[in-house]
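K.L.:
What follows is a structure written as structure tokens; I'll ask about it next.
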Amino acid sequence: MVKSYSDFGKSAKNLLKDDYVVGKKAEVKTATADGVNFTATGIESDKDGALSGSLSWKYKVYGNAFTTKVTTANVISNEAVFENIGVKGLKTTVNGSLGTASQSASAKLDYKHDAVAATILADVKDQTLTPSVAVGYKMLSLGGTATLENSSKSVSQYSLGASLAQDDSELAISTTDKFNLFKLSFGHTISPKYEVAAEASYNREKSSVSMATGLKYVTDNATVKAKTDNLGTLSLAYIAKIDSSTKLTMSTSANVKELEKGQKFGIAITLDQP
């Protein structure tokens, strides 16, 4: 089945971005006997030590999912995902949030078929409409997206991309920011234990190039990740499965060209009680 446009290059992106935590984070997940899932999260910022947290609960009604989230920033948000609406491959997501500083509301339609994947996102607050579409045949997928602004009656952003994917690898190329930024990424699962990824981008306006490479090694009870970029930043992450319900993630990063500026550390623990 064809990839959604937002999933182009996802394998490389996940390897290079996920698990490199910053600051301190604790998360507890639990579920009731009648199928309500609760998630409580607490975070300490690495910049100023500020504390923040949230509590969310998720439940299903006739196969459709509803989630409510309350944060310590005085924001309450709701999400409803409707999948059993009589059209195969169609999903509708409605989001809304209310807070002391801001409010938001949006609706999204997702449609997937063997050769076509399309989405339409309508943002009520910003008065924007963002459609995207991807078409595919065998290993090749082509797609694009654009953001239409109602206030200015103009297209504020648009991008195009292509993905060449197999079961164990993906090569993706895209251009965003009105053809100002070009990106090439590659992800490869060498074996169940080893994965590698690389990403390069070129900013036409700034005439600058950025590159990053990473790897992932999986053992029975732990995962080790490492990545580096052309600026000299080296990052390491260690994800340990302490038991069937507890996961510990530790990460660090430093610029090897400027070690005197110190390193960044992060730690996160997740307790998942089914």
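Residue numbers start at 1 in each chain; chains themselves are named A, B, ... in the order of the structure tokens; ligands are numbered from 1 in the order shown.
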Could you pull the residues within 6 Å of region 23-34 of chain A, counting only C-alpha atoms, minus those fewer than 2 positions along the same chain, as a ChimeraX atom specification?
P.N.:
/A:36-46,266-274
K.L.:
Print the selection's residues with C-alpha atoms to a file, as a PDB file, in the first residue's frame.
P.N.:
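Output contents, as saved in selection-v4.pdb:
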ATOM      1  CA  VAL A  36     -10.087   3.297  29.560  1.00  0.00           C
ATOM      2  CA  ASN A  37      -6.368   4.097  29.150  1.00  0.00           C
ATOM      3  CA  PHE A  38      -4.755   6.709  31.415  1.00  0.00           C
ATOM      4  CA  THR A  39      -1.384   8.403  30.828  1.00  0.00           C
ATOM      5  CA  ALA A  40       0.279  10.714  33.372  1.00  0.00           C
ATOM      6  CA  THR A  41       3.414  12.613  32.363  1.00  0.00           C
ATOM      7  CA  GLY A  42       5.835  14.841  34.283  1.00  0.00           C
ATOM      8  CA  ILE A  43       8.709  16.801  32.697  1.00  0.00           C
ATOM      9  CA  GLU A  44      11.553  18.900  34.115  1.00  0.00           C
ATOM     10  CA  SER A  45      13.065  21.315  31.594  1.00  0.00           C
ATOM     11  CA  ASP A  46      16.832  21.120  31.074  1.00  0.00           C
ATOM     12  CA  GLY A 266      18.369  13.476  29.425  1.00  0.00           C
ATOM     13  CA  ILE A 267      16.578  10.686  31.222  1.00  0.00           C
ATOM     14  CA  ALA A 268      13.070   9.279  30.862  1.00  0.00           C
ATOM     15  CA  ILE A 269      11.270   6.415  32.563  1.00  0.00           C
ATOM     16  CA  THR A 270       8.042   4.865  31.333  1.00  0.00           C
ATOM     17  CA  LEU A 271       5.840   2.551  33.392  1.00  0.00           C
ATOM     18  CA  ASP A 272       3.232   0.789  31.283  1.00  0.00           C
ATOM     19  CA  GLN A 273       0.803  -1.241  33.354  1.00  0.00           C
ATOM     20  CA  PRO A 274      -1.746  -2.954  31.072  1.00  0.00           C
TER      21      PRO A 274
END
K.L.:
Determine which residues of region 41-228 of chain A DSSP labels as strand (DSSP E) from the backbone of this structure, then write them out as JSON, numbers by chain.
P.N.:
{"A": [41, 42, 43, 44, 51, 52, 53, 54, 55, 56, 57, 58, 59, 60, 61, 64, 65, 66, 67, 68, 69, 70, 71, 75, 76, 77, 78, 79, 80, 81, 82, 90, 91, 92, 93, 94, 95, 96, 97, 98, 99, 103, 104, 105, 106, 107, 108, 109, 110, 111, 112, 116, 117, 118, 119, 120, 121, 122, 123, 128, 129, 130, 131, 132, 133, 134, 135, 136, 137, 140, 141, 142, 143, 144, 145, 146, 147, 148, 149, 154, 155, 156, 157, 158, 159, 160, 161, 162, 163, 164, 165, 169, 170, 171, 172, 173, 174, 175, 176, 181, 182, 183, 184, 185, 186, 187, 188, 189, 194, 195, 196, 197, 198, 199, 200, 201, 202, 203, 208, 209, 210, 211, 212, 213, 214, 215, 216, 217, 218, 222, 223, 224, 225, 226, 227, 228]}
K.L.:
Using only C-alpha atoms, find the one residue out of A:Lys17, A:Lys60, A:Lys138, A:Lys91 that sits nearest to Leu164 (chain A).
P.N.:
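Closest to Leu164 (chain A) of all the choices is A:Lys138.
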K.L.:
When you draw a straight line from CA of Asn74 (chain A) to CA of Gln103 (chain A), how long is it in Å?
P.N.:
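It comes out at 11.3 Å.
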K.L.:
My list of candidates is A:Ser253, A:Ser154, A:Thr130, A:Ser185. Which is closest to Ser169 (chain A) when distances are computed with only C-alpha atoms?
P.N.:
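Of the candidates, the smallest distance to Ser169 (chain A) is held by A:Ser185.
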K.L.:
So which residues touch Leu121 (chain A) within 8 Å, counting only C-alpha atoms, skipping near sequence neighbours fewer than 4 positions away, as an MDAnalysis selection string?
P.N.:
chainID A and resid 106:109 129:131
K.L.:
Now that the selection is made, can you save its residues with N, CA, C and O atoms as a short mmCIF file (atom, residue, chain, number, x, y, z; two decimals), in the first residue's frame?
P.N.:
data_model
loop_
_atom_site.label_atom_id
_atom_site.label_comp_id
_atom_site.auth_asym_id
_atom_site.auth_seq_id
_atom_site.Cartn_x
_atom_site.Cartn_y
_atom_site.Cartn_z
N SER A 106 -9.44 21.98 14.88
CA SER A 106 -9.08 21.51 13.54
C SER A 106 -9.81 20.21 13.25
O SER A 106 -10.27 19.50 14.16
N ALA A 107 -9.90 19.90 11.97
CA ALA A 107 -10.49 18.64 11.52
C ALA A 107 -9.65 18.10 10.38
O ALA A 107 -9.14 18.86 9.55
N LYS A 108 -9.50 16.78 10.34
CA LYS A 108 -8.64 16.15 9.34
C LYS A 108 -9.30 14.92 8.77
O LYS A 108 -9.85 14.09 9.52
N LEU A 109 -9.25 14.80 7.46
CA LEU A 109 -9.73 13.61 6.76
C LEU A 109 -8.54 12.86 6.19
O LEU A 109 -7.68 13.46 5.53
N LEU A 129 -6.20 25.67 5.06
CA LEU A 129 -6.59 24.36 4.53
C LEU A 129 -5.34 23.73 3.91
O LEU A 129 -4.70 24.33 3.05
N THR A 130 -4.99 22.52 4.39
CA THR A 130 -3.77 21.86 3.93
C THR A 130 -4.10 20.49 3.37
O THR A 130 -4.25 19.52 4.12
N PRO A 131 -4.20 20.37 2.05
CA PRO A 131 -4.39 19.05 1.44
C PRO A 131 -3.04 18.42 1.10
O PRO A 131 -2.05 19.13 0.85
#
K.L.:
For Ala73 (chain A), please output as a ChimeraX atom specification all residues within 9 Å (counting only C-alpha atoms; exclusion window: fewer than 5 positions along the same chain).
P.N.:
/A:52-54,99-100
K.L.:
Mind giving me the straight-line distance from CA of Leu171 (chain A) to CA of Leu184 (chain A) in Å, one decimal?
P.N.:
7.6 Å
K.L.:
For Gly143 (chain A), which residue among A:Val124, A:Leu248, A:Phe66, A:Ala118 is the nearest when counting only C-alpha atoms?
P.N.:
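Nearest candidate to Gly143 (chain A) out of A:Val124, A:Leu248, A:Phe66, A:Ala118: A:Ala118.
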K.L.:
What lies within 8 Å of Lys216 (chain A) using only C-alpha atoms, ignoring chain neighbours under 2 positions off, as an mmCIF file with C-alpha atoms, in the first residue's frame?
P.N.:
data_model
loop_
_atom_site.group_PDB
_atom_site.id
_atom_site.type_symbol
_atom_site.label_atom_id
_atom_site.label_comp_id
_atom_site.auth_asym_id
_atom_site.auth_seq_id
_atom_site.Cartn_x
_atom_site.Cartn_y
_atom_site.Cartn_z
ATOM 1 C CA LEU A 15 16.087 6.645 13.870
ATOM 2 C CA LYS A 193 19.515 -6.037 15.304
ATOM 3 C CA TYR A 194 21.100 -3.341 13.118
ATOM 4 C CA GLU A 195 19.656 -0.235 11.476
ATOM 5 C CA VAL A 196 21.397 2.728 9.855
ATOM 6 C CA GLY A 214 22.988 7.425 12.785
ATOM 7 C CA VAL A 218 19.103 -3.867 19.418
ATOM 8 C CA THR A 223 18.747 -0.638 22.440
ATOM 9 C CA VAL A 224 21.760 1.556 21.728
ATOM 10 C CA LYS A 225 21.585 4.504 19.327
ATOM 11 C CA ALA A 226 24.202 6.972 18.122
#
K.L.:
With a distance cut-off of 10 Å and only C-alpha atoms, select the neighbouring residues of region 206-211 of chain A, excluding the residue or stretch itself and same-chain residues fewer than 4 positions from it, and output the selection as a ChimeraX atom specification.
P.N.:
/A:180-185,198-202,228-231
K.L.:
Using the selection just defined, write its residues with all heavy atoms as a short mmCIF file (atom, residue, chain, number, x, y, z; two decimals), in the first residue's frame.
P.N.:
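Saved file part_9.cif follows:
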data_model
loop_
_atom_site.label_atom_id
_atom_site.label_comp_id
_atom_site.auth_asym_id
_atom_site.auth_seq_id
_atom_site.Cartn_x
_atom_site.Cartn_y
_atom_site.Cartn_z
N ASN A 180 12.81 25.98 -1.43
CA ASN A 180 14.01 26.59 -0.86
C ASN A 180 14.86 25.56 -0.11
O ASN A 180 16.08 25.70 -0.03
CB ASN A 180 13.64 27.72 0.09
CG ASN A 180 14.85 28.45 0.64
OD1 ASN A 180 15.65 28.99 -0.11
ND2 ASN A 180 15.00 28.45 1.96
N LEU A 181 14.23 24.52 0.42
CA LEU A 181 14.94 23.50 1.19
C LEU A 181 14.79 22.15 0.50
O LEU A 181 13.69 21.71 0.20
CB LEU A 181 14.39 23.42 2.62
CG LEU A 181 15.09 22.46 3.58
CD1 LEU A 181 16.52 22.91 3.84
CD2 LEU A 181 14.32 22.36 4.89
N PHE A 182 15.92 21.48 0.26
CA PHE A 182 15.93 20.17 -0.38
C PHE A 182 16.51 19.15 0.61
O PHE A 182 17.52 19.43 1.26
CB PHE A 182 16.77 20.20 -1.65
CG PHE A 182 16.25 21.13 -2.70
CD1 PHE A 182 16.59 22.48 -2.67
CD2 PHE A 182 15.41 20.67 -3.71
CE1 PHE A 182 16.10 23.36 -3.64
CE2 PHE A 182 14.92 21.53 -4.67
CZ PHE A 182 15.26 22.88 -4.64
N LYS A 183 15.87 18.00 0.70
CA LYS A 183 16.29 17.00 1.67
C LYS A 183 16.33 15.61 1.03
O LYS A 183 15.45 15.24 0.27
CB LYS A 183 15.35 16.99 2.87
CG LYS A 183 15.74 16.02 3.98
CD LYS A 183 14.75 16.08 5.13
CE LYS A 183 14.84 17.38 5.87
NZ LYS A 183 13.97 17.38 7.07
N LEU A 184 17.39 14.88 1.38
CA LEU A 184 17.57 13.49 0.93
C LEU A 184 17.82 12.63 2.16
O LEU A 184 18.65 12.96 3.00
CB LEU A 184 18.76 13.39 -0.03
CG LEU A 184 19.11 11.99 -0.56
CD1 LEU A 184 18.02 11.50 -1.50
CD2 LEU A 184 20.46 12.02 -1.27
N SER A 185 17.09 11.51 2.27
CA SER A 185 17.26 10.64 3.44
C SER A 185 17.27 9.18 3.01
O SER A 185 16.67 8.81 1.99
CB SER A 185 16.15 10.88 4.47
OG SER A 185 14.89 10.48 3.95
N ALA A 198 20.74 8.00 7.26
CA ALA A 198 21.49 9.21 6.92
C ALA A 198 20.52 10.23 6.33
O ALA A 198 19.52 9.87 5.69
CB ALA A 198 22.61 8.92 5.93
N GLU A 199 20.83 11.49 6.56
CA GLU A 199 19.97 12.57 6.07
C GLU A 199 20.84 13.76 5.69
O GLU A 199 21.76 14.12 6.43
CB GLU A 199 18.96 12.98 7.16
CG GLU A 199 17.89 13.92 6.72
CD GLU A 199 16.88 14.20 7.83
OE1 GLU A 199 17.15 15.09 8.66
OE2 GLU A 199 15.86 13.50 7.89
N ALA A 200 20.56 14.35 4.54
CA ALA A 200 21.29 15.53 4.09
C ALA A 200 20.29 16.55 3.56
O ALA A 200 19.29 16.18 2.93
CB ALA A 200 22.28 15.17 2.98
N SER A 201 20.53 17.82 3.84
CA SER A 201 19.63 18.87 3.37
C SER A 201 20.44 20.06 2.87
O SER A 201 21.56 20.31 3.33
CB SER A 201 18.68 19.32 4.48
OG SER A 201 19.39 19.85 5.59
N TYR A 202 19.85 20.76 1.92
CA TYR A 202 20.49 21.94 1.32
C TYR A 202 19.50 23.10 1.35
O TYR A 202 18.37 22.99 0.86
CB TYR A 202 20.92 21.66 -0.11
CG TYR A 202 21.38 22.89 -0.87
CD1 TYR A 202 22.57 23.53 -0.53
CD2 TYR A 202 20.61 23.43 -1.89
CE1 TYR A 202 22.98 24.66 -1.20
CE2 TYR A 202 21.02 24.56 -2.58
CZ TYR A 202 22.20 25.17 -2.23
OH TYR A 202 22.61 26.31 -2.89
N THR A 228 25.59 11.50 14.60
CA THR A 228 26.49 12.65 14.53
C THR A 228 26.10 13.49 13.33
O THR A 228 25.45 13.01 12.40
CB THR A 228 27.96 12.19 14.42
OG1 THR A 228 28.81 13.33 14.47
CG2 THR A 228 28.20 11.44 13.12
N ASP A 229 26.48 14.77 13.36
CA ASP A 229 26.15 15.65 12.24
C ASP A 229 27.38 16.44 11.82
O ASP A 229 28.46 16.35 12.44
CB ASP A 229 24.99 16.59 12.58
CG ASP A 229 25.26 17.48 13.78
OD1 ASP A 229 26.43 17.84 14.01
OD2 ASP A 229 24.31 17.84 14.50
N ASN A 230 27.23 17.23 10.77
CA ASN A 230 28.37 17.95 10.22
C ASN A 230 28.82 19.12 11.09
O ASN A 230 29.90 19.68 10.86
CB ASN A 230 28.03 18.49 8.81
CG ASN A 230 26.86 19.45 8.83
OD1 ASN A 230 25.79 19.15 9.37
ND2 ASN A 230 27.04 20.62 8.25
N LEU A 231 28.05 19.48 12.11
CA LEU A 231 28.45 20.53 13.04
C LEU A 231 29.34 20.00 14.15
O LEU A 231 29.86 20.77 14.95
CB LEU A 231 27.21 21.20 13.64
CG LEU A 231 26.27 21.90 12.66
CD1 LEU A 231 25.06 22.47 13.41
CD2 LEU A 231 26.99 22.99 11.89
#
K.L.:
Would you pick out the contacts of Ser104 (chain A) at 12 Å or less, using only C-alpha atoms, so that residues sharing its chain but fewer than 2 positions from it are not included, and give the list as a PDB file with C-alpha atoms, in the first residue's frame?
P.N.:
ATOM      1  CA  VAL A  75      -4.956  23.685  28.724  1.00  0.00           C
ATOM      2  CA  ILE A  76      -7.626  21.065  28.114  1.00  0.00           C
ATOM      3  CA  SER A  77      -7.720  19.335  24.743  1.00  0.00           C
ATOM      4  CA  ASN A  78      -9.964  16.756  23.142  1.00  0.00           C
ATOM      5  CA  GLU A  79      -9.460  14.468  20.158  1.00  0.00           C
ATOM      6  CA  VAL A  94     -11.357  16.252  15.141  1.00  0.00           C
ATOM      7  CA  ASN A  95      -9.177  18.212  17.589  1.00  0.00           C
ATOM      8  CA  GLY A  96      -9.923  21.097  19.914  1.00  0.00           C
ATOM      9  CA  SER A  97      -8.132  22.775  22.814  1.00  0.00           C
ATOM     10  CA  LEU A  98      -9.010  25.493  25.280  1.00  0.00           C
ATOM     11  CA  GLY A  99      -6.530  27.348  27.455  1.00  0.00           C
ATOM     12  CA  THR A 100      -5.936  30.625  29.236  1.00  0.00           C
ATOM     13  CA  ALA A 101      -3.548  31.802  26.515  1.00  0.00           C
ATOM     14  CA  SER A 102      -4.904  30.252  23.336  1.00  0.00           C
ATOM     15  CA  SER A 106      -9.081  21.507  13.544  1.00  0.00           C
ATOM     16  CA  ALA A 107     -10.493  18.644  11.523  1.00  0.00           C
ATOM     17  CA  ALA A 122      -8.669  22.314   8.103  1.00  0.00           C
ATOM     18  CA  ASP A 123      -7.419  24.629  10.874  1.00  0.00           C
ATOM     19  CA  VAL A 124     -10.287  26.772  12.127  1.00  0.00           C
ATOM     20  CA  LYS A 125      -8.163  29.125  14.250  1.00  0.00           C
ATOM     21  CA  ASP A 126      -5.547  29.894  11.578  1.00  0.00           C
ATOM     22  CA  GLN A 127      -8.110  29.672   8.772  1.00  0.00           C
TER      23      GLN A 127
END
